[in-house]
Amino acid sequence: MYKEIEGFKFIELPRIIDGRDGIISVAEQNRNIPFSIKRVYYIYDLKSDLSVRGMHAHKSLEQVLFCVNGRFELIVDDGYNKNQFKMDTPNLGIYLGPMLWHEMRKFSENCILLVLASDYFNEDDYIRDYSEFLSFIRQKR
Ligand code: TYD
């Protein structure tokens, strides 16, 4: 049972299958991706299922996360509710709007996490301290 989290949604990319081996999934900016894509990055070479990534929120960045190979677990927290998702389907992404604390863990071997982002890298956009995140959220209400 998922709890309602604002600024979060599932994004399903098409799966193009034409009789040949293999599947094509396509992400297009301002179409199935709800923003203009300024940056693409991917996380790979994860050597331990005990690794933890993320552990931050963004003040204004929008992102869509995909697990294009393997699997991992994504935790999304809006300061009130927390949801956990099993990411293991290459065409199923998760859109994260601003101010969502997220953590990625339990990476499988060969896991590749692909991220489409609405802006260039900017460390000032990060909130890396959980209690700071909570006080930002409380200020907003
Ligand atoms: P970070 O976003 O904290 O990674 P994760 O959420 O996966 O744990 O970034 C880790 C480091 O990489 C940090 O020093 C910033 C740097 N980095 C860039 O320089 N450019 C980028 O586009 C990203 C995503 C990270």
# chains A, B, ... in the order shown; residues from 1 in each chain; ligands from 1
>>> residues_near_ligand(ligand="ligand 1", cutoff="10 Å", atoms="only C-alpha atoms and all ligand atoms", output="list in words")
Arg39, Val40, Tyr41, Tyr42, Ile43, Tyr44, Ser51, Val52, Arg53, Gly54, Met55, His56, Ala57, His58, His102, Glu103, Met104, Leu113, Val115, Leu116, Ala117, Asp119, Tyr120, Phe121, Asn122, Glu123, Tyr126, Ile127 and Arg128 of chain A
>>> write_last_selection(atoms="N, CA and C atoms", output="PDB file, in the first residue's frame")
ATOM      1  N   ARG A  39      20.834  17.078 -18.332  1.00  0.00           N
ATOM      2  CA  ARG A  39      21.944  16.240 -17.853  1.00  0.00           C
ATOM      3  C   ARG A  39      21.479  14.797 -17.751  1.00  0.00           C
ATOM      4  N   VAL A  40      22.380  13.904 -18.147  1.00  0.00           N
ATOM      5  CA  VAL A  40      22.145  12.461 -17.996  1.00  0.00           C
ATOM      6  C   VAL A  40      23.335  11.915 -17.237  1.00  0.00           C
ATOM      7  N   TYR A  41      23.075  11.154 -16.184  1.00  0.00           N
ATOM      8  CA  TYR A  41      24.202  10.486 -15.517  1.00  0.00           C
ATOM      9  C   TYR A  41      23.792   9.077 -15.125  1.00  0.00           C
ATOM     10  N   TYR A  42      24.787   8.242 -14.907  1.00  0.00           N
ATOM     11  CA  TYR A  42      24.468   6.879 -14.520  1.00  0.00           C
ATOM     12  C   TYR A  42      25.439   6.402 -13.467  1.00  0.00           C
ATOM     13  N   ILE A  43      24.939   5.548 -12.620  1.00  0.00           N
ATOM     14  CA  ILE A  43      25.728   4.990 -11.516  1.00  0.00           C
ATOM     15  C   ILE A  43      25.895   3.501 -11.796  1.00  0.00           C
ATOM     16  N   TYR A  44      27.111   3.038 -11.737  1.00  0.00           N
ATOM     17  CA  TYR A  44      27.404   1.650 -12.085  1.00  0.00           C
ATOM     18  C   TYR A  44      28.644   1.217 -11.312  1.00  0.00           C
ATOM     19  N   SER A  51      26.023  -1.048  -0.257  1.00  0.00           N
ATOM     20  CA  SER A  51      26.244   0.348  -0.643  1.00  0.00           C
ATOM     21  C   SER A  51      24.950   1.150  -0.523  1.00  0.00           C
ATOM     22  N   VAL A  52      25.106   2.393  -0.166  1.00  0.00           N
ATOM     23  CA  VAL A  52      23.945   3.294  -0.096  1.00  0.00           C
ATOM     24  C   VAL A  52      24.297   4.556  -0.875  1.00  0.00           C
ATOM     25  N   ARG A  53      23.406   4.974  -1.768  1.00  0.00           N
ATOM     26  CA  ARG A  53      23.610   6.195  -2.549  1.00  0.00           C
ATOM     27  C   ARG A  53      22.424   7.127  -2.297  1.00  0.00           C
ATOM     28  N   GLY A  54      22.533   8.302  -2.838  1.00  0.00           N
ATOM     29  CA  GLY A  54      21.465   9.275  -2.641  1.00  0.00           C
ATOM     30  C   GLY A  54      21.638   9.931  -1.288  1.00  0.00           C
ATOM     31  N   MET A  55      20.666   9.757  -0.392  1.00  0.00           N
ATOM     32  CA  MET A  55      20.693  10.363   0.948  1.00  0.00           C
ATOM     33  C   MET A  55      20.709  11.884   0.833  1.00  0.00           C
ATOM     34  N   HIS A  56      19.846  12.403  -0.012  1.00  0.00           N
ATOM     35  CA  HIS A  56      19.722  13.846  -0.124  1.00  0.00           C
ATOM     36  C   HIS A  56      18.384  14.197  -0.797  1.00  0.00           C
ATOM     37  N   ALA A  57      18.079  15.476  -0.780  1.00  0.00           N
ATOM     38  CA  ALA A  57      16.942  16.003  -1.544  1.00  0.00           C
ATOM     39  C   ALA A  57      17.473  17.160  -2.375  1.00  0.00           C
ATOM     40  N   HIS A  58      16.700  17.567  -3.363  1.00  0.00           N
ATOM     41  CA  HIS A  58      17.082  18.723  -4.173  1.00  0.00           C
ATOM     42  C   HIS A  58      16.073  19.843  -3.976  1.00  0.00           C
ATOM     43  N   HIS A 102      15.698  11.026  -0.995  1.00  0.00           N
ATOM     44  CA  HIS A 102      15.727   9.704  -1.617  1.00  0.00           C
ATOM     45  C   HIS A 102      17.012   8.955  -1.294  1.00  0.00           C
ATOM     46  N   GLU A 103      16.849   7.669  -1.184  1.00  0.00           N
ATOM     47  CA  GLU A 103      17.971   6.781  -0.870  1.00  0.00           C
ATOM     48  C   GLU A 103      17.891   5.576  -1.797  1.00  0.00           C
ATOM     49  N   MET A 104      19.033   5.123  -2.257  1.00  0.00           N
ATOM     50  CA  MET A 104      19.078   3.929  -3.092  1.00  0.00           C
ATOM     51  C   MET A 104      19.967   2.916  -2.386  1.00  0.00           C
ATOM     52  N   LEU A 113      22.043   2.353 -12.755  1.00  0.00           N
ATOM     53  CA  LEU A 113      20.982   3.322 -12.430  1.00  0.00           C
ATOM     54  C   LEU A 113      21.172   4.517 -13.353  1.00  0.00           C
ATOM     55  N   VAL A 115      19.888   8.224 -14.739  1.00  0.00           N
ATOM     56  CA  VAL A 115      19.111   9.374 -14.265  1.00  0.00           C
ATOM     57  C   VAL A 115      19.068  10.458 -15.339  1.00  0.00           C
ATOM     58  N   LEU A 116      17.867  10.937 -15.625  1.00  0.00           N
ATOM     59  CA  LEU A 116      17.665  12.085 -16.498  1.00  0.00           C
ATOM     60  C   LEU A 116      17.348  13.258 -15.582  1.00  0.00           C
ATOM     61  N   ALA A 117      18.041  14.373 -15.777  1.00  0.00           N
ATOM     62  CA  ALA A 117      17.890  15.484 -14.835  1.00  0.00           C
ATOM     63  C   ALA A 117      17.552  16.773 -15.571  1.00  0.00           C
ATOM     64  N   ASP A 119      18.465  19.801 -14.840  1.00  0.00           N
ATOM     65  CA  ASP A 119      19.437  20.894 -14.797  1.00  0.00           C
ATOM     66  C   ASP A 119      20.863  20.353 -14.669  1.00  0.00           C
ATOM     67  N   TYR A 120      21.805  21.259 -14.871  1.00  0.00           N
ATOM     68  CA  TYR A 120      23.213  20.903 -14.710  1.00  0.00           C
ATOM     69  C   TYR A 120      23.513  20.641 -13.240  1.00  0.00           C
ATOM     70  N   PHE A 121      24.616  20.005 -12.979  1.00  0.00           N
ATOM     71  CA  PHE A 121      25.008  19.728 -11.596  1.00  0.00           C
ATOM     72  C   PHE A 121      25.228  21.034 -10.842  1.00  0.00           C
ATOM     73  N   ASN A 122      24.659  21.109  -9.632  1.00  0.00           N
ATOM     74  CA  ASN A 122      24.839  22.292  -8.797  1.00  0.00           C
ATOM     75  C   ASN A 122      24.756  21.870  -7.331  1.00  0.00           C
ATOM     76  N   GLU A 123      25.891  21.843  -6.681  1.00  0.00           N
ATOM     77  CA  GLU A 123      25.940  21.384  -5.291  1.00  0.00           C
ATOM     78  C   GLU A 123      25.015  22.227  -4.388  1.00  0.00           C
ATOM     79  N   TYR A 126      21.552  20.911  -3.450  1.00  0.00           N
ATOM     80  CA  TYR A 126      21.420  19.712  -2.611  1.00  0.00           C
ATOM     81  C   TYR A 126      21.078  20.079  -1.164  1.00  0.00           C
ATOM     82  N   ILE A 127      20.252  19.266  -0.537  1.00  0.00           N
ATOM     83  CA  ILE A 127      20.116  19.266   0.929  1.00  0.00           C
ATOM     84  C   ILE A 127      20.598  17.887   1.367  1.00  0.00           C
ATOM     85  N   ARG A 128      21.729  17.864   2.038  1.00  0.00           N
ATOM     86  CA  ARG A 128      22.339  16.568   2.360  1.00  0.00           C
ATOM     87  C   ARG A 128      22.167  16.173   3.823  1.00  0.00           C
TER      88      ARG A 128
END
>>> residues_around(residues="Val64 of chain A", least_positions_apart="3", cutoff="12 Å", atoms="only C-alpha atoms", output="VMD selection string")
chain A and resid 7 to 13 27 to 29 32 to 37 39 to 42 61 67 91 to 98 113 to 119
>>> residues_around(residues="segment 3-6 of chain A", least_positions_apart="2", cutoff="8 Å", atoms="only C-alpha atoms", output="list in words")
Met1, Phe8, Asp77, Asp78, Asn81, Lys82 and Asn83 of chain A
>>> select_by_dssp(residues="segment 12-137 of chain A", states="strand (DSSP E or B)", output="JSON, numbers by chain")
{"A": [12, 16, 24, 29, 33, 39, 40, 41, 42, 43, 53, 54, 55, 56, 57, 58, 63, 64, 65, 66, 67, 68, 69, 72, 73, 74, 75, 76, 77, 82, 83, 84, 85, 86, 87, 92, 93, 94, 95, 96, 101, 102, 103, 104, 105, 112, 113, 114, 115, 116, 117, 126, 127]}
>>> select_by_dssp(residues="segment 12-141 of chain A", states="alpha helix (DSSP H)", output="number ranges by chain")
A: 130-140
>>> closest_residue(among="A:Lys106, A:Ser60, A:Lys38, A:Pro90", to="Ser25 of chain A", atoms="only C-alpha atoms")
A:Pro90
>>> residues_around(residues="Asp49 of chain A", least_positions_apart="3", cutoff="10 Å", atoms="only C-alpha atoms", output="PyMOL selection string")
chain A and resi 46+52+72+105-109+111
>>> closest_residue(among="A:Lys47, A:Arg31, A:Lys59, A:Arg20", to="Trp101 of chain A", atoms="only C-alpha atoms")
A:Lys59
>>> atom_distance(atom1="atom CA of Leu50 of chain A", atom2="atom CA of Glu132 of chain A")
25.2 Å
>>> atom_distance(atom1="atom CA of Thr89 of chain A", atom2="atom CA of Ile16 of chain A")
14.4 Å
>>> closest_residue(among="A:Pro14, A:Asn69, A:Val26, A:Met99", to="Lys140 of chain A", atoms="only C-alpha atoms")
A:Met99
